[in-house]
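First up is the structure itself, then whatever we jot down about it.
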Amino acid sequence: MCHLVLLMPVFGLAVFLFLPLPVAVAAYLVIVAMTALLYRAIYHAMCRPVVTGKEAMLGAHASVTRVDLDRLVVCLRGELWTANPAGFTGRIPQTGEQVLITEIRGNRLVVGPASENSSD
């Protein structure tokens, strides 16, 4: 049903059957212009970046809330996640430190050190 909107220019040809030619041309140009604006809005909506799901979590900054032996608990957007540290050369991140989510393995995040010049 929603694909019928994409056929508006084809359905708009019917105005030539019922209206005089100068009026039909004007009406059809309006239909084509509205369709072009609609196509543009559809294209921009489809090109927007992902803002939900695991794809949106990659590259986000989280805060370390707890440090265990081989894992961390990080807070991301108000949710607590279990995380594996990676890329920390010879040290373990401390509580309150900002980390960067680099990968997601199952239901566990892989985090690395956050760069000093970026913030989330």
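Letters A, B, ... mark the chains of the structure tokens in the order given; residue numbers begin at 1 per chain; ligand numbers begin at 1, in order shown.
Residues surrounding A:Thr95 within 12 Å are Ala62, Ser63, Val64, Thr65, Arg66, Val67, Asp68, Leu72, Val73, Val74, Cys75, Ile92, Pro93, Glu97, Gln98 and Val99 of chain A [only C-alpha atoms; sequence separation below 2 positions excluded].
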Any chance you could export the current selection's N, CA and C atoms as a PDB file, in the first residue's frame?
ATOM      1  N   ALA A  62      31.680   5.045  27.444  1.00  0.00           N
ATOM      2  CA  ALA A  62      31.020   4.522  28.639  1.00  0.00           C
ATOM      3  C   ALA A  62      31.913   4.818  29.841  1.00  0.00           C
ATOM      4  N   SER A  63      31.325   4.733  31.007  1.00  0.00           N
ATOM      5  CA  SER A  63      32.051   4.992  32.246  1.00  0.00           C
ATOM      6  C   SER A  63      32.188   3.686  33.031  1.00  0.00           C
ATOM      7  N   VAL A  64      33.377   3.414  33.523  1.00  0.00           N
ATOM      8  CA  VAL A  64      33.636   2.198  34.300  1.00  0.00           C
ATOM      9  C   VAL A  64      33.014   2.374  35.683  1.00  0.00           C
ATOM     10  N   THR A  65      32.148   1.427  36.073  1.00  0.00           N
ATOM     11  CA  THR A  65      31.524   1.492  37.395  1.00  0.00           C
ATOM     12  C   THR A  65      32.085   0.469  38.362  1.00  0.00           C
ATOM     13  N   ARG A  66      32.612  -0.660  37.837  1.00  0.00           N
ATOM     14  CA  ARG A  66      33.179  -1.677  38.716  1.00  0.00           C
ATOM     15  C   ARG A  66      34.276  -2.415  37.966  1.00  0.00           C
ATOM     16  N   VAL A  67      35.315  -2.753  38.689  1.00  0.00           N
ATOM     17  CA  VAL A  67      36.435  -3.495  38.105  1.00  0.00           C
ATOM     18  C   VAL A  67      36.535  -4.826  38.837  1.00  0.00           C
ATOM     19  N   ASP A  68      36.391  -5.939  38.085  1.00  0.00           N
ATOM     20  CA  ASP A  68      36.593  -7.277  38.645  1.00  0.00           C
ATOM     21  C   ASP A  68      37.927  -7.811  38.128  1.00  0.00           C
ATOM     22  N   LEU A  72      35.039  -5.844  33.374  1.00  0.00           N
ATOM     23  CA  LEU A  72      34.590  -4.550  33.892  1.00  0.00           C
ATOM     24  C   LEU A  72      33.073  -4.509  33.852  1.00  0.00           C
ATOM     25  N   VAL A  73      32.516  -3.629  34.625  1.00  0.00           N
ATOM     26  CA  VAL A  73      31.108  -3.268  34.488  1.00  0.00           C
ATOM     27  C   VAL A  73      31.109  -1.802  34.112  1.00  0.00           C
ATOM     28  N   VAL A  74      30.515  -1.503  32.949  1.00  0.00           N
ATOM     29  CA  VAL A  74      30.507  -0.125  32.462  1.00  0.00           C
ATOM     30  C   VAL A  74      29.071   0.370  32.368  1.00  0.00           C
ATOM     31  N   CYS A  75      28.920   1.673  32.496  1.00  0.00           N
ATOM     32  CA  CYS A  75      27.607   2.297  32.387  1.00  0.00           C
ATOM     33  C   CYS A  75      27.538   3.037  31.053  1.00  0.00           C
ATOM     34  N   ILE A  92      44.852  -1.707  34.127  1.00  0.00           N
ATOM     35  CA  ILE A  92      43.416  -1.967  34.131  1.00  0.00           C
ATOM     36  C   ILE A  92      42.716  -0.631  34.346  1.00  0.00           C
ATOM     37  N   PRO A  93      41.647  -0.362  33.600  1.00  0.00           N
ATOM     38  CA  PRO A  93      40.944   0.912  33.803  1.00  0.00           C
ATOM     39  C   PRO A  93      40.383   1.016  35.221  1.00  0.00           C
ATOM     40  N   GLU A  97      36.626   5.924  35.086  1.00  0.00           N
ATOM     41  CA  GLU A  97      37.356   6.241  33.852  1.00  0.00           C
ATOM     42  C   GLU A  97      36.442   6.062  32.635  1.00  0.00           C
ATOM     43  N   GLN A  98      36.620   6.922  31.652  1.00  0.00           N
ATOM     44  CA  GLN A  98      35.861   6.826  30.401  1.00  0.00           C
ATOM     45  C   GLN A  98      36.557   5.834  29.482  1.00  0.00           C
ATOM     46  N   VAL A  99      35.775   4.943  28.879  1.00  0.00           N
ATOM     47  CA  VAL A  99      36.298   3.965  27.923  1.00  0.00           C
ATOM     48  C   VAL A  99      35.490   4.054  26.638  1.00  0.00           C
TER      49      VAL A  99
END
Selection: 12 Å around A:Ile101, only C-alpha atoms, excl. self and same-chain fewer than 3 positions, as number ranges by chain: A: 54-64, 74-76, 81-87, 98, 104-105, 108-115, 120
DSSP strand (DSSP E or B) residues within stretch 19-120 of chain A, as an NGL selection string: :A and (61-67 or 72-76 or 79-85 or 98-105 or 108-113)
Filtered DSSP result for chain A, state helix (DSSP H, G or I), as a PyMOL selection string: chain A and resi 2-12+15-18+21-46+54-57
Write out as a compact mmCIF listing (two decimals) with N, CA and C atoms, in the first residue's frame which residues come within 8 Å of stretch 38-40 of chain A when counting only C-alpha atoms, dropping same-chain ones fewer than 4 positions away.
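Written output follows (out.txt):
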# COMPACT_ATOMS: atom_id res chain seq x y z
N LEU A 6 4.67 6.04 -4.48
CA LEU A 6 5.75 6.17 -5.45
C LEU A 6 5.23 6.26 -6.88
N MET A 34 5.47 17.81 -6.01
CA MET A 34 5.20 17.22 -4.69
C MET A 34 5.85 15.84 -4.58
N HIS A 44 16.50 10.95 2.14
CA HIS A 44 17.23 11.43 3.30
C HIS A 44 16.91 10.60 4.55
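Taking atom CA of A:Val32 and atom CA of A:Val15 as the two end points, the separation is 12.2 Å.
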Residue neighbourhood A:Ala33, 12 Å, only C-alpha atoms, exclusion window fewer than 6 positions, as a list in words: Met8, Pro9, Gly12, Ala26, Ala27, Tyr39 and Arg40 of chain A
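Atom CA of A:Gly78 to atom CA of A:Arg91 spans 25.6 Å [interatomic distance, one decimal].
Considering only C-alpha atoms, the residue among A:Leu13, A:Phe18, A:Thr52, A:His3 positioned nearest to A:Arg77 is A:Thr52.
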Atom-to-atom span, atom CA of A:Ala45 and atom CA of A:Leu100, Å: 27.9 Å
